[in-house]
Amino acid sequence: MAEAQGPILEVRGLGKSFDVHGSFGRIKGRLKAVDDVSFSLARGEVLGLVGESGCGKSTLGKTIMGIHEPTAGEVLFEGKLIAGGGFRRDNAMRARVQYAYQDPGASLDPRWKLRDSLHEPLVVHTDWPRARRDAHVREIVRLVGLPETHLDLYPHEISGGQQRRVGLARILTLRPEVVVLDEPTSGLDVSVQATVLTLFRDLQREFDLTYILVSHDLAVVRTMCDRVAVMYLGRIVEIGPTKEIFARPQHPYTRSLLAAMPRIGGPRIARDFALGGEPPDPANLPSGCRFRTRCPKAQPGCAATEPALLEAGGTRAACFHPG
Amino acid sequence: MADPLLCVRELSLSYRVEAGLARVLDGVSLSVGAGEIVGLVGESGCGKSTLGRAVLGALPRGSVEIHGGAVTFRGRDLLAMQEAEAAREIRGRAITLVPQDPFTSFNPLFTIGTQIRDLARFKRPDLPKARRETRILELLDAVQLPQPRQILDKYPHEVSGGQRQRLMIAMALLPDPAMIVADEPTTALDVTIQAQILGLLRRLANEHGCAVLFTTHDLGAAYEICDSIAVMYAGQNAEAALVGDFFDRPRHPYTRALLGSLLDGSGRLQGIPGEVPSLVTPPAGCRFASRCGRAVDACRETRPAFADAGGGHLLACHNPGEPSDG
């Protein structure tokens, strides 16, 4: 990681809360979807965000991207504030940080040919004449591995893997520097998954991209990421280099997640499995450590205060009894 | 197996689509023994869900054409049986379904209790009301739902996806079935919840002697709980074997390619080039031939028979190579 250059992206104490509405729109409470999250990202790095559904990983990605306004903390891009404190980012900054949606098929207009969908970001963000836009679009389509003839097709006429390529092409037309990939392989067959992931790798090299990869699929994260942040109920509970996280996880939650991963050739589920229960209601969190209600190592002290994210083994973990 | 519970023999059927007839199942065979968990594995469009639905008699009427084959359950031919008779005795009684998406399977306007009690009245008219109620609570307990009584008063949106899937399994168990068709039951779930549901299915098979036909695209999940695995490709059988034999000695080039596309932590990425052929105008011969590295002329001309390659390991391939190869 190029320390001298400084991080491309820095997230400091970021929080995003939503109001929970009861009957007649009355506000019943606040749900902290993202709670006091900090990390920094080096240029060219791939950071994985993992956790169960509802852990806030997508909300975190969207808040960094600027789709949500943070309720606490800030996001810096190359040292300059881009979110937090009521800052509104301009179009030029929007183009540099992009978000790839989970289901690119659903984010393409079904009545538009792919050519029109790919021209749109350039129409919004540039004042290029049509010919220049067209040349650029054809170049990007070639780079994501689609035949040029596909430009005249409609979204429903292409496969799921190809829709993902179009979704990426659409983002890449603006030459972003940081791309948030939200569940980029969900719904794809494994034989197609490998080709899509290879494409992400190639494009990263080609465009000098930095990725935040949001996924519940630990195998994908292990294959693609330099570092991994594990989230539980809005907080990062462990963050560290991918190799360390998978070889020597320090937080009991990380250990449980890894234990739940099916491993062909390993012990079978019926004989060996630990993590019971489901995450508690995020609008009504337990006191102290939020994982303690499911934690096999929980002690009475875990209910008193929230553990901070501290060095433990080769990673940083928010746990009073790591390792 | 001497006498399997379910036996599908060379079943062929097509869906009527705009372009003609899509041959979704092409001479597919499968057997499930009593209390056995069979993993029916393949990628989207391979026909695994259609086969599950054919067994349940839940295919969309009017758009399906059955060309031939037989589906026998406890020795009786389901395809030859009268619709009403099959529905009364077997479908939804001796064989039940656990669907992929537990959310759309509930009516959002009624409490879970109302819906389970309705179903119990319909499925178990033999039981008096009080006995039905205890049976429901027993089942909610068997699928390890915390606070079963409270759950009955909730609406479907008030419980989590994992809990809804447990409820679907409890409902599938109501008529004391001999077999459950679980259609991608963990696809929509997180890995920790998936592990719990898989563990639950395994225990139900062990303790209640209930067979499970488990359709999945996830070889890892199939490895976890299945007694045997059957792989399908583009509407045809590719390979079937007992779980240990299957993962130790996979023989079909498609199975091997599929196992090779799994991410193993080494950072290596390897997909399967090419695409699944059209099922409306399928190629003669093996449907995998166009993507297969081992294809020879015979593969493109004649369809390989699905036959025993030794020790009950079934294989449909002209050129599988030795079990120890690659």
# chains A, B, ... in the order shown; residues from 1 in each chain; ligands from 1
call {"tool": "residues_around", "arguments": {"residues": "range 144-153 of chain A", "least_positions_apart": "3", "cutoff": "12 Å", "atoms": "only C-alpha atoms", "output": "VMD selection string"}}
result
chain A and resid 108 to 119 134 to 135 137 to 141 156 to 159 161 to 173 195 to 204 206 to 207
call {"tool": "write_last_selection", "arguments": {"atoms": "C-alpha atoms", "output": "PDB file, in the first residue's frame"}}
result
ATOM      1  CA  LEU A 108     -31.218  -0.491 -16.638  1.00  0.00           C
ATOM      2  CA  ASP A 109     -34.267   1.092 -18.241  1.00  0.00           C
ATOM      3  CA  PRO A 110     -36.123  -1.791 -19.943  1.00  0.00           C
ATOM      4  CA  ARG A 111     -37.346   0.504 -22.750  1.00  0.00           C
ATOM      5  CA  TRP A 112     -33.894   1.819 -23.615  1.00  0.00           C
ATOM      6  CA  LYS A 113     -31.396   0.134 -25.857  1.00  0.00           C
ATOM      7  CA  LEU A 114     -28.101  -0.536 -24.092  1.00  0.00           C
ATOM      8  CA  ARG A 115     -26.523   2.184 -26.235  1.00  0.00           C
ATOM      9  CA  ASP A 116     -28.817   4.818 -24.697  1.00  0.00           C
ATOM     10  CA  SER A 117     -28.211   3.578 -21.160  1.00  0.00           C
ATOM     11  CA  LEU A 118     -24.474   3.843 -21.733  1.00  0.00           C
ATOM     12  CA  HIS A 119     -24.691   7.329 -23.253  1.00  0.00           C
ATOM     13  CA  ASP A 134     -20.116   7.135 -29.177  1.00  0.00           C
ATOM     14  CA  ALA A 135     -16.434   6.367 -29.619  1.00  0.00           C
ATOM     15  CA  VAL A 137     -18.975   3.987 -25.302  1.00  0.00           C
ATOM     16  CA  ARG A 138     -17.732   1.561 -27.954  1.00  0.00           C
ATOM     17  CA  GLU A 139     -14.298   1.490 -26.304  1.00  0.00           C
ATOM     18  CA  ILE A 140     -15.741   0.722 -22.847  1.00  0.00           C
ATOM     19  CA  VAL A 141     -18.068  -1.971 -24.202  1.00  0.00           C
ATOM     20  CA  HIS A 156     -34.054  -8.355 -21.349  1.00  0.00           C
ATOM     21  CA  GLU A 157     -32.301  -9.725 -24.424  1.00  0.00           C
ATOM     22  CA  ILE A 158     -29.005 -10.385 -22.630  1.00  0.00           C
ATOM     23  CA  SER A 159     -28.005 -12.801 -19.843  1.00  0.00           C
ATOM     24  CA  GLY A 161     -23.671 -12.083 -16.558  1.00  0.00           C
ATOM     25  CA  GLN A 162     -23.872  -9.735 -19.528  1.00  0.00           C
ATOM     26  CA  GLN A 163     -26.178  -7.359 -17.635  1.00  0.00           C
ATOM     27  CA  ARG A 164     -23.482  -7.089 -14.992  1.00  0.00           C
ATOM     28  CA  ARG A 165     -20.994  -6.182 -17.697  1.00  0.00           C
ATOM     29  CA  VAL A 166     -23.293  -3.451 -18.964  1.00  0.00           C
ATOM     30  CA  GLY A 167     -23.783  -2.150 -15.409  1.00  0.00           C
ATOM     31  CA  LEU A 168     -20.017  -1.925 -15.034  1.00  0.00           C
ATOM     32  CA  ALA A 169     -19.555  -0.334 -18.441  1.00  0.00           C
ATOM     33  CA  ARG A 170     -22.085   2.296 -17.476  1.00  0.00           C
ATOM     34  CA  ILE A 171     -20.096   3.196 -14.382  1.00  0.00           C
ATOM     35  CA  LEU A 172     -16.723   3.072 -16.095  1.00  0.00           C
ATOM     36  CA  THR A 173     -17.716   5.543 -18.808  1.00  0.00           C
ATOM     37  CA  THR A 195     -15.571 -14.774 -15.519  1.00  0.00           C
ATOM     38  CA  VAL A 196     -17.231 -11.762 -13.895  1.00  0.00           C
ATOM     39  CA  LEU A 197     -14.638 -11.672 -11.104  1.00  0.00           C
ATOM     40  CA  THR A 198     -11.814 -11.955 -13.643  1.00  0.00           C
ATOM     41  CA  LEU A 199     -13.300  -8.958 -15.410  1.00  0.00           C
ATOM     42  CA  PHE A 200     -13.261  -6.944 -12.151  1.00  0.00           C
ATOM     43  CA  ARG A 201      -9.580  -7.768 -11.748  1.00  0.00           C
ATOM     44  CA  ASP A 202      -8.712  -6.847 -15.338  1.00  0.00           C
ATOM     45  CA  LEU A 203     -10.627  -3.568 -15.135  1.00  0.00           C
ATOM     46  CA  GLN A 204      -8.957  -2.691 -11.859  1.00  0.00           C
ATOM     47  CA  GLU A 206      -6.777  -1.186 -16.751  1.00  0.00           C
ATOM     48  CA  PHE A 207      -8.403   1.773 -14.972  1.00  0.00           C
TER      49      PHE A 207
END
call {"tool": "interface_residues", "arguments": {"of": "chain B", "to": "chain A", "cutoff": "6 Å", "atoms": "only C-alpha atoms", "output": "VMD selection string"}}
result
chain B and resid 43 190 to 192 195 199 220 224 261 263 265 267 269 to 272
call {"tool": "select_by_dssp", "arguments": {"residues": "range 170-313 of chain B", "states": "strand (DSSP E or B)", "output": "list of chain:residue names"}}
result
B:Met179, B:Ile180, B:Val181, B:Ala182, B:Asp183, B:Ala211, B:Val212, B:Leu213, B:Phe214, B:Thr215, B:Thr216, B:Ser228, B:Ile229, B:Ala230, B:Val231, B:Met232, B:Tyr233, B:Gln236, B:Asn237, B:Ala238, B:Glu239, B:Ala240, B:Ala241, B:Leu242, B:Ala307, B:Asp308
call {"tool": "write_last_selection", "arguments": {"atoms": "N, CA and C atoms", "output": "PDB file, in the first residue's frame"}}
result
ATOM      1  N   MET B 179     -41.500 -37.791   2.051  1.00  0.00           N
ATOM      2  CA  MET B 179     -40.456 -37.094   1.308  1.00  0.00           C
ATOM      3  C   MET B 179     -40.768 -35.600   1.196  1.00  0.00           C
ATOM      4  N   ILE B 180     -39.720 -34.781   1.326  1.00  0.00           N
ATOM      5  CA  ILE B 180     -39.850 -33.341   1.123  1.00  0.00           C
ATOM      6  C   ILE B 180     -39.041 -32.958  -0.107  1.00  0.00           C
ATOM      7  N   VAL B 181     -39.637 -32.142  -0.965  1.00  0.00           N
ATOM      8  CA  VAL B 181     -38.864 -31.547  -2.048  1.00  0.00           C
ATOM      9  C   VAL B 181     -38.451 -30.158  -1.564  1.00  0.00           C
ATOM     10  N   ALA B 182     -37.181 -29.961  -1.306  1.00  0.00           N
ATOM     11  CA  ALA B 182     -36.694 -28.661  -0.833  1.00  0.00           C
ATOM     12  C   ALA B 182     -36.021 -27.974  -2.019  1.00  0.00           C
ATOM     13  N   ASP B 183     -36.692 -26.948  -2.547  1.00  0.00           N
ATOM     14  CA  ASP B 183     -36.232 -26.297  -3.774  1.00  0.00           C
ATOM     15  C   ASP B 183     -35.376 -25.089  -3.422  1.00  0.00           C
ATOM     16  N   ALA B 211     -37.342 -38.523   3.702  1.00  0.00           N
ATOM     17  CA  ALA B 211     -36.405 -38.330   2.598  1.00  0.00           C
ATOM     18  C   ALA B 211     -36.466 -36.880   2.123  1.00  0.00           C
ATOM     19  N   VAL B 212     -35.370 -36.372   1.586  1.00  0.00           N
ATOM     20  CA  VAL B 212     -35.348 -35.001   1.083  1.00  0.00           C
ATOM     21  C   VAL B 212     -34.748 -34.988  -0.321  1.00  0.00           C
ATOM     22  N   LEU B 213     -35.504 -34.421  -1.259  1.00  0.00           N
ATOM     23  CA  LEU B 213     -34.929 -34.136  -2.575  1.00  0.00           C
ATOM     24  C   LEU B 213     -34.538 -32.666  -2.535  1.00  0.00           C
ATOM     25  N   PHE B 214     -33.229 -32.414  -2.467  1.00  0.00           N
ATOM     26  CA  PHE B 214     -32.693 -31.089  -2.177  1.00  0.00           C
ATOM     27  C   PHE B 214     -32.124 -30.510  -3.466  1.00  0.00           C
ATOM     28  N   THR B 215     -32.867 -29.616  -4.126  1.00  0.00           N
ATOM     29  CA  THR B 215     -32.330 -29.022  -5.346  1.00  0.00           C
ATOM     30  C   THR B 215     -31.508 -27.798  -4.968  1.00  0.00           C
ATOM     31  N   THR B 216     -30.327 -27.678  -5.551  1.00  0.00           N
ATOM     32  CA  THR B 216     -29.457 -26.557  -5.219  1.00  0.00           C
ATOM     33  C   THR B 216     -28.450 -26.318  -6.334  1.00  0.00           C
ATOM     34  N   SER B 228     -26.445 -38.670  -1.310  1.00  0.00           N
ATOM     35  CA  SER B 228     -25.966 -38.857  -2.674  1.00  0.00           C
ATOM     36  C   SER B 228     -26.255 -37.597  -3.485  1.00  0.00           C
ATOM     37  N   ILE B 229     -25.551 -37.469  -4.602  1.00  0.00           N
ATOM     38  CA  ILE B 229     -25.628 -36.270  -5.430  1.00  0.00           C
ATOM     39  C   ILE B 229     -25.957 -36.675  -6.861  1.00  0.00           C
ATOM     40  N   ALA B 230     -26.871 -35.915  -7.485  1.00  0.00           N
ATOM     41  CA  ALA B 230     -27.143 -36.107  -8.908  1.00  0.00           C
ATOM     42  C   ALA B 230     -26.930 -34.769  -9.601  1.00  0.00           C
ATOM     43  N   VAL B 231     -26.096 -34.750 -10.639  1.00  0.00           N
ATOM     44  CA  VAL B 231     -25.825 -33.509 -11.357  1.00  0.00           C
ATOM     45  C   VAL B 231     -26.580 -33.516 -12.678  1.00  0.00           C
ATOM     46  N   MET B 232     -27.227 -32.395 -12.978  1.00  0.00           N
ATOM     47  CA  MET B 232     -27.920 -32.259 -14.256  1.00  0.00           C
ATOM     48  C   MET B 232     -27.282 -31.146 -15.069  1.00  0.00           C
ATOM     49  N   TYR B 233     -27.332 -31.297 -16.383  1.00  0.00           N
ATOM     50  CA  TYR B 233     -26.866 -30.223 -17.258  1.00  0.00           C
ATOM     51  C   TYR B 233     -27.844 -30.085 -18.415  1.00  0.00           C
ATOM     52  N   GLN B 236     -30.464 -32.796 -18.900  1.00  0.00           N
ATOM     53  CA  GLN B 236     -30.058 -34.202 -18.953  1.00  0.00           C
ATOM     54  C   GLN B 236     -29.262 -34.587 -17.707  1.00  0.00           C
ATOM     55  N   ASN B 237     -29.261 -35.895 -17.401  1.00  0.00           N
ATOM     56  CA  ASN B 237     -28.398 -36.388 -16.342  1.00  0.00           C
ATOM     57  C   ASN B 237     -26.945 -36.275 -16.784  1.00  0.00           C
ATOM     58  N   ALA B 238     -26.069 -35.876 -15.858  1.00  0.00           N
ATOM     59  CA  ALA B 238     -24.644 -35.918 -16.163  1.00  0.00           C
ATOM     60  C   ALA B 238     -23.982 -37.016 -15.337  1.00  0.00           C
ATOM     61  N   GLU B 239     -24.235 -36.965 -14.009  1.00  0.00           N
ATOM     62  CA  GLU B 239     -23.534 -37.878 -13.118  1.00  0.00           C
ATOM     63  C   GLU B 239     -24.330 -38.038 -11.839  1.00  0.00           C
ATOM     64  N   ALA B 240     -24.253 -39.214 -11.213  1.00  0.00           N
ATOM     65  CA  ALA B 240     -24.877 -39.419  -9.910  1.00  0.00           C
ATOM     66  C   ALA B 240     -24.087 -40.455  -9.136  1.00  0.00           C
ATOM     67  N   ALA B 241     -23.868 -40.172  -7.849  1.00  0.00           N
ATOM     68  CA  ALA B 241     -23.097 -41.109  -7.026  1.00  0.00           C
ATOM     69  C   ALA B 241     -23.329 -40.807  -5.556  1.00  0.00           C
ATOM     70  N   LEU B 242     -22.914 -41.731  -4.702  1.00  0.00           N
ATOM     71  CA  LEU B 242     -22.942 -41.471  -3.269  1.00  0.00           C
ATOM     72  C   LEU B 242     -21.991 -40.319  -2.970  1.00  0.00           C
ATOM     73  N   ALA B 307     -25.307 -44.505 -17.489  1.00  0.00           N
ATOM     74  CA  ALA B 307     -25.136 -45.905 -17.087  1.00  0.00           C
ATOM     75  C   ALA B 307     -24.124 -46.040 -15.957  1.00  0.00           C
ATOM     76  N   ASP B 308     -24.157 -47.199 -15.328  1.00  0.00           N
ATOM     77  CA  ASP B 308     -23.268 -47.480 -14.205  1.00  0.00           C
ATOM     78  C   ASP B 308     -21.822 -47.586 -14.686  1.00  0.00           C
TER      79      ASP B 308
END
call {"tool": "select_by_dssp", "arguments": {"residues": "range 44-131 of chain A", "states": "helix (DSSP H, G or I)", "output": "list of chain:residue names"}}
result
A:Lys57, A:Ser58, A:Thr59, A:Leu60, A:Gly61, A:Lys62, A:Thr63, A:Ile64, A:Met65, A:Asn91, A:Ala92, A:Met93, A:Arg94, A:Ala95, A:Arg96, A:Leu114, A:Arg115, A:Asp116, A:Ser117, A:Leu118, A:His119, A:Glu120, A:Pro121, A:Leu122, A:Val123, A:Val124, A:His125, A:Arg130, A:Ala131
call {"tool": "write_last_selection", "arguments": {"atoms": "C-alpha atoms", "output": "PDB file, in the first residue's frame"}}
result
ATOM      1  CA  LYS A  57     -22.722  -3.127   4.850  1.00  0.00           C
ATOM      2  CA  SER A  58     -24.803  -1.829   1.940  1.00  0.00           C
ATOM      3  CA  THR A  59     -25.834   1.281   3.882  1.00  0.00           C
ATOM      4  CA  LEU A  60     -22.159   1.962   4.607  1.00  0.00           C
ATOM      5  CA  GLY A  61     -21.328   1.611   0.905  1.00  0.00           C
ATOM      6  CA  LYS A  62     -24.184   3.930  -0.050  1.00  0.00           C
ATOM      7  CA  THR A  63     -23.242   6.521   2.577  1.00  0.00           C
ATOM      8  CA  ILE A  64     -19.651   6.594   1.307  1.00  0.00           C
ATOM      9  CA  MET A  65     -20.975   6.942  -2.224  1.00  0.00           C
ATOM     10  CA  ASN A  91     -20.961  16.305 -10.274  1.00  0.00           C
ATOM     11  CA  ALA A  92     -17.215  16.046 -10.852  1.00  0.00           C
ATOM     12  CA  MET A  93     -16.772  14.410  -7.454  1.00  0.00           C
ATOM     13  CA  ARG A  94     -19.778  12.130  -8.015  1.00  0.00           C
ATOM     14  CA  ALA A  95     -18.120  10.801 -11.141  1.00  0.00           C
ATOM     15  CA  ARG A  96     -14.986   9.835  -9.218  1.00  0.00           C
ATOM     16  CA  LEU A 114     -28.101  -0.536 -24.092  1.00  0.00           C
ATOM     17  CA  ARG A 115     -26.523   2.184 -26.235  1.00  0.00           C
ATOM     18  CA  ASP A 116     -28.817   4.818 -24.697  1.00  0.00           C
ATOM     19  CA  SER A 117     -28.211   3.578 -21.160  1.00  0.00           C
ATOM     20  CA  LEU A 118     -24.474   3.843 -21.733  1.00  0.00           C
ATOM     21  CA  HIS A 119     -24.691   7.329 -23.253  1.00  0.00           C
ATOM     22  CA  GLU A 120     -26.755   8.706 -20.392  1.00  0.00           C
ATOM     23  CA  PRO A 121     -23.984   9.208 -17.781  1.00  0.00           C
ATOM     24  CA  LEU A 122     -21.915  11.033 -20.403  1.00  0.00           C
ATOM     25  CA  VAL A 123     -24.839  13.269 -21.342  1.00  0.00           C
ATOM     26  CA  VAL A 124     -25.282  14.194 -17.686  1.00  0.00           C
ATOM     27  CA  HIS A 125     -21.636  14.612 -16.780  1.00  0.00           C
ATOM     28  CA  ARG A 130     -22.391  12.671 -29.852  1.00  0.00           C
ATOM     29  CA  ALA A 131     -19.544  11.301 -31.979  1.00  0.00           C
TER      30      ALA A 131
END
call {"tool": "atom_distance", "arguments": {"atom1": "CA of Thr187 in chain B", "atom2": "CA of Pro249 in chain A"}}
result
25.7 Å
call {"tool": "atom_distance", "arguments": {"atom1": "CA of Val243 in chain B", "atom2": "CA of Asp141 in chain B"}}
result
29.8 Å
call {"tool": "residues_around", "arguments": {"residues": "Pro277 in chain B", "least_positions_apart": "4", "cutoff": "9 Å", "atoms": "only C-alpha atoms", "output": "list in words"}}
result
Ala234, Thr281, Pro282, Pro283, Arg287, Phe288 and Ser290 of chain B
